[in-house]
Amino acid sequence: MKVRASVKSLKNQPGAQVVRRRGRVYVINKLNPRFKGRQG
């Protein structure tokens, strides 16, 4: 999982979902798990 200042490029991938957990923004991607990420 990449920790990034902005997950905008990750959320544009096909299959990406933006999820808020414990006050953090995560991107999870079932189609291509390489594009998992956390913001901040």
# chains A, B, ... in the order shown; residues from 1 in each chain; ligands from 1
$ residues_around --residues "Val7 of chain A" --least-positions-apart "5" --cutoff "9 Å" --atoms "only C-alpha atoms" --output "PyMOL selection string"
chain A and resi 12+18+25-27+37-39
$ select_by_dssp --residues "chain A" --states "alpha helix (DSSP H)" --output "compact mmCIF listing (two decimals) with N, CA, C and O atoms, in the first residue's frame"
# COMPACT_ATOMS: atom_id res chain seq x y z
N LYS A 8 -5.79 10.99 -5.78
CA LYS A 8 -6.62 11.27 -6.95
C LYS A 8 -6.26 10.38 -8.13
O LYS A 8 -7.13 9.87 -8.83
N SER A 9 -4.95 10.16 -8.35
CA SER A 9 -4.55 9.32 -9.48
C SER A 9 -4.90 7.86 -9.24
O SER A 9 -5.13 7.11 -10.18
N LEU A 10 -4.96 7.44 -7.96
CA LEU A 10 -5.35 6.06 -7.66
C LEU A 10 -6.84 5.85 -7.87
O LEU A 10 -7.27 4.79 -8.31
N LYS A 11 -7.63 6.86 -7.55
CA LYS A 11 -9.08 6.68 -7.67
C LYS A 11 -9.55 6.69 -9.12
O LYS A 11 -10.65 6.26 -9.41
$ residues_around --residues "Pro14 of chain A" --least-positions-apart "5" --cutoff "10 Å" --atoms "only C-alpha atoms" --output "compact mmCIF listing (two decimals) with N, CA and C atoms, in the first residue's frame"
# COMPACT_ATOMS: atom_id res chain seq x y z
N ASN A 29 -8.75 -1.54 -4.36
CA ASN A 29 -8.98 -1.92 -5.74
C ASN A 29 -8.94 -3.44 -5.84
N LYS A 30 -10.11 -4.04 -6.03
CA LYS A 30 -10.18 -5.49 -6.12
C LYS A 30 -9.64 -6.00 -7.46
N LEU A 31 -9.82 -5.19 -8.53
CA LEU A 31 -9.36 -5.64 -9.85
C LEU A 31 -7.85 -5.65 -9.94
N ASN A 32 -7.21 -4.63 -9.37
CA ASN A 32 -5.76 -4.54 -9.46
C ASN A 32 -5.22 -4.06 -8.11
N PHE A 35 -2.94 -0.96 -6.83
CA PHE A 35 -3.35 0.43 -6.69
C PHE A 35 -4.04 0.70 -5.37
$ closest_residue --among "A:Pro33, A:Gly40, A:Gln17, A:Gly23" --to "Arg4 of chain A" --atoms "only C-alpha atoms"
A:Gly40
$ select_by_dssp --residues "chain A" --states "strand (DSSP E or B)" --output "list in words"
Lys2, Val3, Arg4, Ala16, Gln17, Val18, Val19, Arg20, Arg21, Arg24, Val25, Tyr26, Val27, Ile28, Asn29, Gly37, Arg38 and Gln39 of chain A
